[in-house]
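Since the structure comes first, as structure tokens, the remarks are kept for the end.
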Amino acid sequence: MAHLLSAERIELDYPTKRVFDAVTCGIDEGDRVGIVGRNGDGKSSLLSLLAGRLAPTGGKVTHRGGLRVGYLTQGDELADASVERAVFGARERFEWASNAAMRAVVDGLLRDVPLDRFTGGLSGGERRKVALAALLVGDWDVLALDEPTNHLDLAAVAWLAGHLKTRWPAVKGGLLLVTHDRWFLDEVVATTWEVHDGGVEPFAGGYAAYVLARVERDRRAATAEAKRRNLMRKELAWLRRGAPARTAKPRFRIEAANSLIADVPELRNPLQLRQMAIARLGRKVIDAVGAGFHYPDGQAVLHDVTWRIAPGERTGLLGPNGAGKSTLLGLLEGRLVPTAGRVTRGLTVRIGVLDQGDGELADIMDDLVREVVGRLKTVFVVEGKEVSPGQLLERLGFTPEHLSTRVSALSGGLRRRLQLLLVLAREPNVLLLDEPTNDVDTDMLTALEDLLDGWPGTVIVVSHDRYFVERVTDQQYAVAAGTLRHLPGGIDEYLALLDGAREPPPVAAPVRAASPANTDRTVRKQLAALETKVAKAGARVAGLEADLAVADGTDWVVLQELGGELDQARRDQGELEEAWLELAASLEK
């Protein structure tokens, strides 16, 4: 394979630390490389060095003659111009519109962004799409992307993954990618570089293969980082048990993985957590019935939302930016009052909210972390065990050195985790997490997921991080067209729904208005069909309840499966009954 670029014994020094010490690496035609590591270890610096944007302190970086490198920073460098001008420069519309590759980028990223809008008025997610589009319409030999999925919704992330996989032939082009999005890594890259301790360590395969190799490395070296190793083994268990689609990849050595996780327990015990949650919450958590919300200007955001949230429920809320996910969280919390319907909360419910901002830290920015921790309660209960605030901080990735750091000097990821600690300190039994993965690297995400695994309460998550949603929640709902829709097929079903919604509606032949008599007969036929479905759903619930009653009480695998099936069957039954009642009411009008 032809060589594209290389770094030979490069060094990089900052005033307070040495970032790289004699690092040698390179990119050949066809390489697709993901760069991972902890915040502050040098991932973005390595990308900038290889792209030629940053000069090393020592050593050298060489590019093949005439190499074209496209570089995406974590921010954006958009001029205040129209979207079309920001993406295509001085090109006339007929020039880019006649180019299939350029049109594909516009269709994939800018379908919902008017080309005549000015960039200064765009949201963060829209600006990210424009910056990506401006880069991807170019002709590059190498793409160097720094956190390209930041601020993108799930549909845009899925499109970008597909684009990068097909942008070049298999043995052409080079990709360098820094991201904390683990699903994206597994979809796109064939090699993973871990940046740590001043060096770069390569692993064959995407994130799943990297996790396996890292566990093997840690076991062989018998490192003192026992906690970190255990988290990686737990992460591997998720990859093998909770994400079957990934296990089919040939680079994932299934036999080795099975031996490594043989003694790792299930990530969560849903029945046990549900029982603990009921003990803390009671049977009623939050009920939304026909809830709606519109702003004073009359703009409707949500309507007809009915959702009975159960103790111990772990749900992911999906939807494009602006669909109303954060508004729905506000209704559940009680910060917003529904303008239609009602939202009620159980008497014992205590809600903790992790929002997208860090305003909660504003009053403590000048405090040392140890001072903040010292003001908290002395004991927390996690996974049935008492832990101190310091131990909880350690679980969230803080080191002893961080305790002597002022909050204002913490990285974005550490501030995010301190914010979570303050939320947990109030001992909530319902957690509403709005984009909790912002500014958090893969190690931090793993620690957060491990903490949530043993947290005995109800968890509602809004996130565009597909891996995180699949990892910490047991079911997903979409906020679409202003209401709530259950997704039995998970994120794949959600993406399929989005694709269907983007298709132009079929052109139907004009029809005559139905007479009242014909409408009445049609409704009665639909009622009869629904009655049959309701009866079948009731029979299924009864059958599962009977199976659960006679099941072996010591077989947690069977109990978990039956419990999950029963919960879903009850939800399906409730939805069918509500549909029947609504249809029956229409006959009485």
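Lettering and numbering for the structure tokens are positional, with chains as A, B, ... in the shown order, residues counted from 1 in each chain, and ligands counted from 1 in the shown order.
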Problem - Leu143 of chain A surroundings by only C-alpha atoms, 9 Å radius, close-in-sequence under 6 positions cut, as a PyMOL selection string - result: chain A and resi 51+68-72+135-136+173-177
Those residues with all heavy atoms, as an mmCIF file, in the first residue's frame please?
data_model
loop_
_atom_site.group_PDB
_atom_site.id
_atom_site.type_symbol
_atom_site.label_atom_id
_atom_site.label_comp_id
_atom_site.auth_asym_id
_atom_site.auth_seq_id
_atom_site.Cartn_x
_atom_site.Cartn_y
_atom_site.Cartn_z
ATOM 1 N N ALA A 51 -1.759 16.135 10.835
ATOM 2 C CA ALA A 51 -2.386 16.915 9.769
ATOM 3 C C ALA A 51 -1.510 18.075 9.316
ATOM 4 O O ALA A 51 -1.824 18.739 8.317
ATOM 5 C CB ALA A 51 -3.735 17.438 10.230
ATOM 6 N N ARG A 68 -3.287 15.934 -0.021
ATOM 7 C CA ARG A 68 -4.366 16.839 0.354
ATOM 8 C C ARG A 68 -4.997 16.327 1.646
ATOM 9 O O ARG A 68 -5.563 15.235 1.668
ATOM 10 C CB ARG A 68 -5.405 16.911 -0.758
ATOM 11 C CG ARG A 68 -4.879 17.500 -2.062
ATOM 12 C CD ARG A 68 -5.773 17.146 -3.229
ATOM 13 N NE ARG A 68 -5.871 15.705 -3.403
ATOM 14 C CZ ARG A 68 -6.576 15.109 -4.366
ATOM 15 N NH1 ARG A 68 -7.277 15.833 -5.209
ATOM 16 N NH2 ARG A 68 -6.606 13.791 -4.452
ATOM 17 N N VAL A 69 -4.878 17.127 2.714
ATOM 18 C CA VAL A 69 -5.385 16.733 4.030
ATOM 19 C C VAL A 69 -6.539 17.660 4.423
ATOM 20 O O VAL A 69 -6.366 18.873 4.506
ATOM 21 C CB VAL A 69 -4.285 16.795 5.110
ATOM 22 C CG1 VAL A 69 -4.859 16.390 6.468
ATOM 23 C CG2 VAL A 69 -3.116 15.896 4.742
ATOM 24 N N GLY A 70 -7.710 17.072 4.645
ATOM 25 C CA GLY A 70 -8.849 17.828 5.147
ATOM 26 C C GLY A 70 -8.944 17.698 6.651
ATOM 27 O O GLY A 70 -8.891 16.582 7.186
ATOM 28 N N TYR A 71 -9.066 18.826 7.351
ATOM 29 C CA TYR A 71 -8.957 18.825 8.815
ATOM 30 C C TYR A 71 -10.192 19.481 9.425
ATOM 31 O O TYR A 71 -10.582 20.584 9.047
ATOM 32 C CB TYR A 71 -7.699 19.588 9.220
ATOM 33 C CG TYR A 71 -7.400 19.605 10.703
ATOM 34 C CD1 TYR A 71 -6.916 18.480 11.338
ATOM 35 C CD2 TYR A 71 -7.573 20.772 11.450
ATOM 36 C CE1 TYR A 71 -6.624 18.494 12.692
ATOM 37 C CE2 TYR A 71 -7.284 20.803 12.799
ATOM 38 C CZ TYR A 71 -6.812 19.660 13.412
ATOM 39 O OH TYR A 71 -6.520 19.686 14.750
ATOM 40 N N LEU A 72 -10.816 18.769 10.365
ATOM 41 C CA LEU A 72 -11.978 19.292 11.089
ATOM 42 C C LEU A 72 -11.607 19.466 12.551
ATOM 43 O O LEU A 72 -11.245 18.501 13.224
ATOM 44 C CB LEU A 72 -13.166 18.331 10.972
ATOM 45 C CG LEU A 72 -14.448 18.776 11.678
ATOM 46 C CD1 LEU A 72 -15.157 19.850 10.845
ATOM 47 C CD2 LEU A 72 -15.388 17.591 11.913
ATOM 48 N N LEU A 135 -16.320 20.621 4.615
ATOM 49 C CA LEU A 135 -15.130 19.779 4.483
ATOM 50 C C LEU A 135 -15.370 18.623 3.516
ATOM 51 O O LEU A 135 -14.547 18.340 2.636
ATOM 52 C CB LEU A 135 -14.732 19.241 5.856
ATOM 53 C CG LEU A 135 -13.508 18.304 5.881
ATOM 54 C CD1 LEU A 135 -12.245 19.112 5.629
ATOM 55 C CD2 LEU A 135 -13.419 17.569 7.208
ATOM 56 N N LEU A 136 -16.500 17.961 3.637
ATOM 57 C CA LEU A 136 -16.725 16.722 2.894
ATOM 58 C C LEU A 136 -16.981 16.942 1.416
ATOM 59 O O LEU A 136 -16.848 16.003 0.623
ATOM 60 C CB LEU A 136 -17.885 15.950 3.524
ATOM 61 C CG LEU A 136 -17.659 15.467 4.955
ATOM 62 C CD1 LEU A 136 -18.887 14.742 5.487
ATOM 63 C CD2 LEU A 136 -16.429 14.572 5.052
ATOM 64 N N GLY A 173 -7.350 6.336 0.100
ATOM 65 C CA GLY A 173 -7.680 7.323 1.105
ATOM 66 C C GLY A 173 -7.231 6.931 2.501
ATOM 67 O O GLY A 173 -6.886 5.775 2.773
ATOM 68 N N GLY A 174 -7.201 7.901 3.383
ATOM 69 C CA GLY A 174 -6.830 7.658 4.774
ATOM 70 C C GLY A 174 -7.729 8.447 5.704
ATOM 71 O O GLY A 174 -8.108 9.584 5.403
ATOM 72 N N LEU A 175 -8.088 7.836 6.834
ATOM 73 C CA LEU A 175 -8.960 8.482 7.813
ATOM 74 C C LEU A 175 -8.307 8.452 9.179
ATOM 75 O O LEU A 175 -7.878 7.397 9.650
ATOM 76 C CB LEU A 175 -10.320 7.766 7.875
ATOM 77 C CG LEU A 175 -11.300 8.277 8.932
ATOM 78 C CD1 LEU A 175 -11.760 9.695 8.596
ATOM 79 C CD2 LEU A 175 -12.508 7.348 9.046
ATOM 80 N N LEU A 176 -8.229 9.616 9.820
ATOM 81 C CA LEU A 176 -7.800 9.745 11.211
ATOM 82 C C LEU A 176 -8.946 10.368 11.976
ATOM 83 O O LEU A 176 -9.454 11.419 11.589
ATOM 84 C CB LEU A 176 -6.556 10.640 11.307
ATOM 85 C CG LEU A 176 -5.220 10.022 10.899
ATOM 86 C CD1 LEU A 176 -4.191 11.117 10.677
ATOM 87 C CD2 LEU A 176 -4.731 9.064 11.962
ATOM 88 N N LEU A 177 -9.335 9.727 13.067
ATOM 89 C CA LEU A 177 -10.578 10.098 13.729
ATOM 90 C C LEU A 177 -10.394 10.112 15.239
ATOM 91 O O LEU A 177 -10.006 9.108 15.833
ATOM 92 C CB LEU A 177 -11.655 9.076 13.337
ATOM 93 C CG LEU A 177 -13.010 9.140 14.012
ATOM 94 C CD1 LEU A 177 -13.752 10.383 13.556
ATOM 95 C CD2 LEU A 177 -13.821 7.902 13.662
#
Handout entry: Contacts of Gly490 of chain A within 10 Å, only C-alpha atoms, excl. fewer than 6 positions in-chain, as a PyMOL selection string
Key = chain A and resi 316+318+469-470+474-478
Taking only segment 354-450 of chain A into account, list the residues labelled strand (DSSP E) by DSSP (computed from the backbone), as a PDB file with C-alpha atoms, in the first residue's frame.
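Below is the file part12.pdb, written as the result:
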ATOM      1  CA  LEU A 354     -28.312  16.659  35.021  1.00  0.00           C
ATOM      2  CA  PHE A 380     -23.697   7.213  49.756  1.00  0.00           C
ATOM      3  CA  VAL A 381     -25.221   3.825  48.985  1.00  0.00           C
ATOM      4  CA  VAL A 382     -24.179   2.305  45.635  1.00  0.00           C
ATOM      5  CA  LYS A 385     -22.760  -0.737  49.730  1.00  0.00           C
ATOM      6  CA  GLU A 386     -21.872   2.413  51.620  1.00  0.00           C
ATOM      7  CA  VAL A 387     -19.222   4.590  49.944  1.00  0.00           C
ATOM      8  CA  VAL A 430     -35.410   9.449  39.655  1.00  0.00           C
ATOM      9  CA  LEU A 431     -32.572  10.657  37.412  1.00  0.00           C
ATOM     10  CA  LEU A 432     -33.230  12.799  34.326  1.00  0.00           C
ATOM     11  CA  LEU A 433     -30.011  12.968  32.295  1.00  0.00           C
ATOM     12  CA  ASP A 434     -29.919  15.483  29.439  1.00  0.00           C
TER      13      ASP A 434
END
Handout entry: Residue neighbourhood segment 189-197 of chain A, 10 Å, only C-alpha atoms, exclusion window fewer than 4 positions, as a PyMOL selection string
Key = chain A and resi 18-21+25+30-43+46+161+164-165+175-178+184-185+201-210+214+251
Segment 281-303 of chain A residues near segment 479-486 of chain A within 10 Å, closest pair each, using only C-alpha atoms, as a tab-separated table:
residue	atom	partner	partner_atom	distance
A:Gly290	CA	A:Thr483	CA	9.6
A:Ala291	CA	A:Thr483	CA	9.1
A:Gly292	CA	A:Thr483	CA	8.4
A:Phe293	CA	A:Gly482	CA	9.3
A:Ala300	CA	A:Gly482	CA	7.7
A:Val301	CA	A:Gly482	CA	5.6
A:Leu302	CA	A:Gly482	CA	4.3
A:His303	CA	A:Thr483	CA	5.6
Give me a file of those residues, with N, CA and C atoms, as a tab-separated table (two decimals), in the first residue's frame.
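Written file, again_21.tsv:
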chain	number	residue	atom	x	y	z
A	290	GLY	N	-52.17	12.41	28.41
A	290	GLY	CA	-52.63	13.40	27.44
A	290	GLY	C	-51.92	14.73	27.55
A	291	ALA	N	-50.67	14.71	28.01
A	291	ALA	CA	-49.96	15.96	28.30
A	291	ALA	C	-49.54	16.67	27.01
A	292	GLY	N	-49.61	17.97	27.05
A	292	GLY	CA	-49.16	18.79	25.94
A	292	GLY	C	-48.52	20.05	26.46
A	293	PHE	N	-47.77	20.71	25.59
A	293	PHE	CA	-47.13	21.96	26.00
A	293	PHE	C	-46.95	22.86	24.80
A	300	ALA	N	-46.86	24.96	19.39
A	300	ALA	CA	-47.05	23.69	20.09
A	300	ALA	C	-45.78	22.85	19.97
A	301	VAL	N	-45.31	22.35	21.09
A	301	VAL	CA	-44.11	21.50	21.10
A	301	VAL	C	-44.50	20.04	21.30
A	302	LEU	N	-45.40	19.79	22.27
A	302	LEU	CA	-45.82	18.43	22.58
A	302	LEU	C	-47.34	18.37	22.67
A	303	HIS	N	-47.90	17.21	22.33
A	303	HIS	CA	-49.35	17.02	22.48
A	303	HIS	C	-49.64	15.54	22.70
Run DSSP on the backbone and give me the residues of segment 317-366 of chain A it puts in helix (DSSP H, G or I), as a CSV table (one decimal) with C-alpha atoms, in the first residue's frame.
chain,number,residue,atom,x,y,z
A,325,LYS,CA,-37.0,16.1,24.3
A,326,SER,CA,-35.7,18.7,26.8
A,327,THR,CA,-39.3,20.1,27.1
A,328,LEU,CA,-40.6,16.7,28.0
A,329,LEU,CA,-37.9,16.3,30.7
A,330,GLY,CA,-39.1,19.7,32.0
A,331,LEU,CA,-42.6,18.4,32.2
A,332,LEU,CA,-41.5,15.3,34.0
A,333,GLU,CA,-39.4,17.3,36.5
A,359,GLY,CA,-24.8,26.6,35.8
A,360,GLU,CA,-25.1,24.5,38.9
A,361,LEU,CA,-21.3,25.0,39.3
A,362,ALA,CA,-21.3,28.7,38.9
A,363,ASP,CA,-21.3,29.5,42.7
A,364,ILE,CA,-18.4,27.1,43.4
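Relative to atom CA of Glu493 of chain A, atom CA of Thr149 of chain A is found at 20.5 Å.
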Exercise for the section: Determine, counting only C-alpha atoms, which protein, DNA and RNA residues have an atom within 6 Å of an atom of segment 533-546 of chain A; residues of the same chain fewer than 4 positions away are not included. Present the result as a list in words. Expected result: Leu566, Ala569, Gln573 and Leu576 of chain A
Handout entry: Residue nearest Lys17 of chain A - candidates A:Gly412, A:Gly454, A:Gly374, A:Gly198, atoms counted: only C-alpha atoms
Key =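 That would be A:Gly198, the residue with the smallest distance to Lys17 of chain A.
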Handout entry: Residue neighbourhood Pro436 of chain A, 8 Å, only C-alpha atoms, exclusion window fewer than 3 positions, as a list in words
Key =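 So the residues in contact are Leu354, Asp355, Gln356, Arg416, Leu433, Val461, Val462 and Ser463 of chain A.
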Export of prior selection with all heavy atoms as a compact mmCIF listing (two decimals), in the first residue's frame:
# COMPACT_ATOMS: atom_id res chain seq x y z
N LEU A 354 -29.60 16.26 35.58
CA LEU A 354 -28.31 16.66 35.02
C LEU A 354 -28.61 17.30 33.68
O LEU A 354 -28.93 16.61 32.70
CB LEU A 354 -27.40 15.44 34.84
CG LEU A 354 -25.99 15.74 34.32
CD1 LEU A 354 -25.18 16.46 35.39
CD2 LEU A 354 -25.27 14.47 33.89
N ASP A 355 -28.56 18.65 33.62
CA ASP A 355 -28.93 19.33 32.38
C ASP A 355 -27.69 19.54 31.52
O ASP A 355 -26.58 19.14 31.86
CB ASP A 355 -29.66 20.64 32.65
CG ASP A 355 -28.82 21.61 33.48
OD1 ASP A 355 -27.58 21.52 33.44
OD2 ASP A 355 -29.40 22.45 34.18
N GLN A 356 -27.89 20.20 30.37
CA GLN A 356 -26.80 20.34 29.41
C GLN A 356 -25.80 21.41 29.81
O GLN A 356 -24.65 21.39 29.36
CB GLN A 356 -27.35 20.65 28.02
CG GLN A 356 -28.17 19.53 27.41
CD GLN A 356 -28.51 19.78 25.96
OE1 GLN A 356 -27.69 20.29 25.21
NE2 GLN A 356 -29.72 19.42 25.56
N ARG A 416 -18.24 17.89 34.41
CA ARG A 416 -19.49 17.16 34.17
C ARG A 416 -19.69 16.09 35.23
O ARG A 416 -20.79 15.89 35.74
CB ARG A 416 -19.42 16.51 32.78
CG ARG A 416 -20.73 16.00 32.24
CD ARG A 416 -21.61 17.13 31.88
NE ARG A 416 -22.80 16.69 31.15
CZ ARG A 416 -23.96 17.32 31.22
NH1 ARG A 416 -24.10 18.38 31.95
NH2 ARG A 416 -24.99 16.88 30.53
N LEU A 433 -31.34 12.64 32.81
CA LEU A 433 -30.01 12.97 32.30
C LEU A 433 -30.14 13.53 30.89
O LEU A 433 -30.53 12.83 29.96
CB LEU A 433 -29.12 11.71 32.27
CG LEU A 433 -29.00 10.96 33.60
CD1 LEU A 433 -28.12 9.72 33.42
CD2 LEU A 433 -28.43 11.86 34.69
N VAL A 461 -32.91 9.06 29.98
CA VAL A 461 -31.73 9.61 29.33
C VAL A 461 -32.09 10.23 27.99
O VAL A 461 -32.77 9.60 27.17
CB VAL A 461 -30.67 8.51 29.10
CG1 VAL A 461 -29.47 9.07 28.35
CG2 VAL A 461 -30.22 7.89 30.41
N VAL A 462 -31.65 11.46 27.78
CA VAL A 462 -31.68 12.08 26.46
C VAL A 462 -30.24 12.16 25.98
O VAL A 462 -29.39 12.77 26.65
CB VAL A 462 -32.29 13.49 26.50
CG1 VAL A 462 -32.07 14.22 25.18
CG2 VAL A 462 -33.78 13.42 26.81
N SER A 463 -29.94 11.52 24.86
CA SER A 463 -28.57 11.53 24.37
C SER A 463 -28.54 11.16 22.89
O SER A 463 -29.35 10.37 22.42
CB SER A 463 -27.70 10.53 25.16
OG SER A 463 -26.39 10.49 24.64
Handout entry: Which residue of A:Leu420, A:Pro400, A:Leu451, A:Thr446 approaches Met232 of chain A most closely, using only C-alpha atoms
Key =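 Between A:Leu420, A:Pro400, A:Leu451, A:Thr446, the residue approaching Met232 of chain A most closely is A:Thr446.
Of the listed residues A:Leu47, A:Gly357, A:Glu77, A:Lys377, the one whose atoms come nearest to Leu392 of chain A is A:Lys377, with distances taken using only C-alpha atoms.
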Exercise for the section: Return the single residue from A:Thr179, A:Asn230, A:Val459, A:Leu347 that is closest to Lys284 of chain A, with distances computed using only C-alpha atoms. Expected result: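 Result for the nearest residue to Lys284 of chain A: A:Leu347.
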